[in-house]
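**Student:** For reference, the structure I am asking about is given below.
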Amino acid sequence: MIVVLNKRKPTARKDKIVLLNASKRLKKGKPKNYIPEDAIRPLAAIYLKGEPLDGEIAVITRQQAEEADYNLGPSRWVGQASEDTDRRLPVLIKRFAELSREERGLDERLIALLAPLMETISDVSVS
């Protein structure tokens with residue numbers, strides 16, 4: 001995360017916070033990911049423009065930041081690239097279905113294990 005503080009910002013940007021999420025433009029690196037040189041100028045330009053841009057720039061007010069307990073994490077305010085999410089959605093749905101089937105099987109096993117206990121309890125209640 002990079003934080004830019006500016007006491008001399010334009011009047012239109014007073015009491016506003018511009019959040020930039022550059023995750024779409026990151027490249028894998030060893031040991032750390034990085035922003036390639038050819039992506040830095042376009043990122044700077046959209047930041048300086050200071051207008052919301054879906055998936056990359058969010059503009060929030062000081063009041064919004066205060067209400068969020070000053071959590072300025074860009075992922076909270078700027079949507080992530082939906083491409084990865086869209087690709088993972090079928091995998092998540094399949095996993096959810098598998099977990100649902102597993103849950104039903106566990107419920108059935110638990111009922112089978114508890115059945116003898118229930119019979120014992122009802123035999124004791126009748127006596």
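Residue numbering restarts at 1 in every chain; chains get A, B, ... in the order shown in the structure tokens, and ligands count up from 1 in that same order.
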What's the 12 Å shell around Asp38 of chain A, counting only C-alpha atoms, without same-chain residues fewer than 3 positions away, as a ChimeraX atom specification?
**Tutor:** /A:25-27,34-35,41-44
**Student:** What's the 10 Å shell around Glu56 of chain A, counting only C-alpha atoms, without same-chain residues fewer than 4 positions away, as a list in words?
**Tutor:**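 Selected residues are Leu19, Leu20, Asn21, Ala22, Ser23, Lys24, Arg25, Leu43, Ile46, Tyr47, Pro52, Pro74, Ser75, Trp77, Val78, Gly79, Gln80 and Ala81 of chain A.
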**Student:** Could you pull out the strand (DSSP E or B) residues of segment 15-121 of chain A, going by DSSP on the backbone, and write them as a PyMOL selection string?
**Tutor:** chain A and resi 16-20+27+34+53+57-61
**Student:** Just list the residues in chain A DSSP gives helix (DSSP H, G or I) on the backbone, as a PyMOL selection string.
**Tutor:** chain A and resi 11-13+23-25+37-49+62-67+74-77+82-126
**Student:** Pick the closest to Lys49 of chain A from A:Gln63, A:Asn33, A:Val18, A:Leu72: which is it, counting only C-alpha atoms?
**Tutor:**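 For Lys49 of chain A, the nearest of the given residues is A:Val18.
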**Student:** When distances are computed from only C-alpha atoms, which of A:Arg95, A:Lys16, A:Arg109, A:Lys32 shows the smallest separation from Glu66 of chain A?
**Tutor:**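 The closest residue to Glu66 of chain A is A:Lys16.
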**Student:** Work out how far apart atom CA of Arg13 of chain A and atom CA of Glu37 of chain A are and give it in Å to one decimal.
**Tutor:**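 Result for atom CA of Arg13 of chain A versus atom CA of Glu37 of chain A: 27.4 Å, one decimal.
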**Student:** Looking at only C-alpha atoms, which of A:Leu106, A:Arg76, A:Arg101, A:Arg88 is the one that sits closest to Gly55 of chain A?
**Tutor:**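 Answer, going by the shortest atom-to-atom distance: A:Arg76.
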**Student:** Measure the distance from atom CA of Ile40 of chain A to atom CA of Lys28 of chain A in Å and round it to one decimal.
**Tutor:**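 These atoms are spaced 15.6 Å apart.
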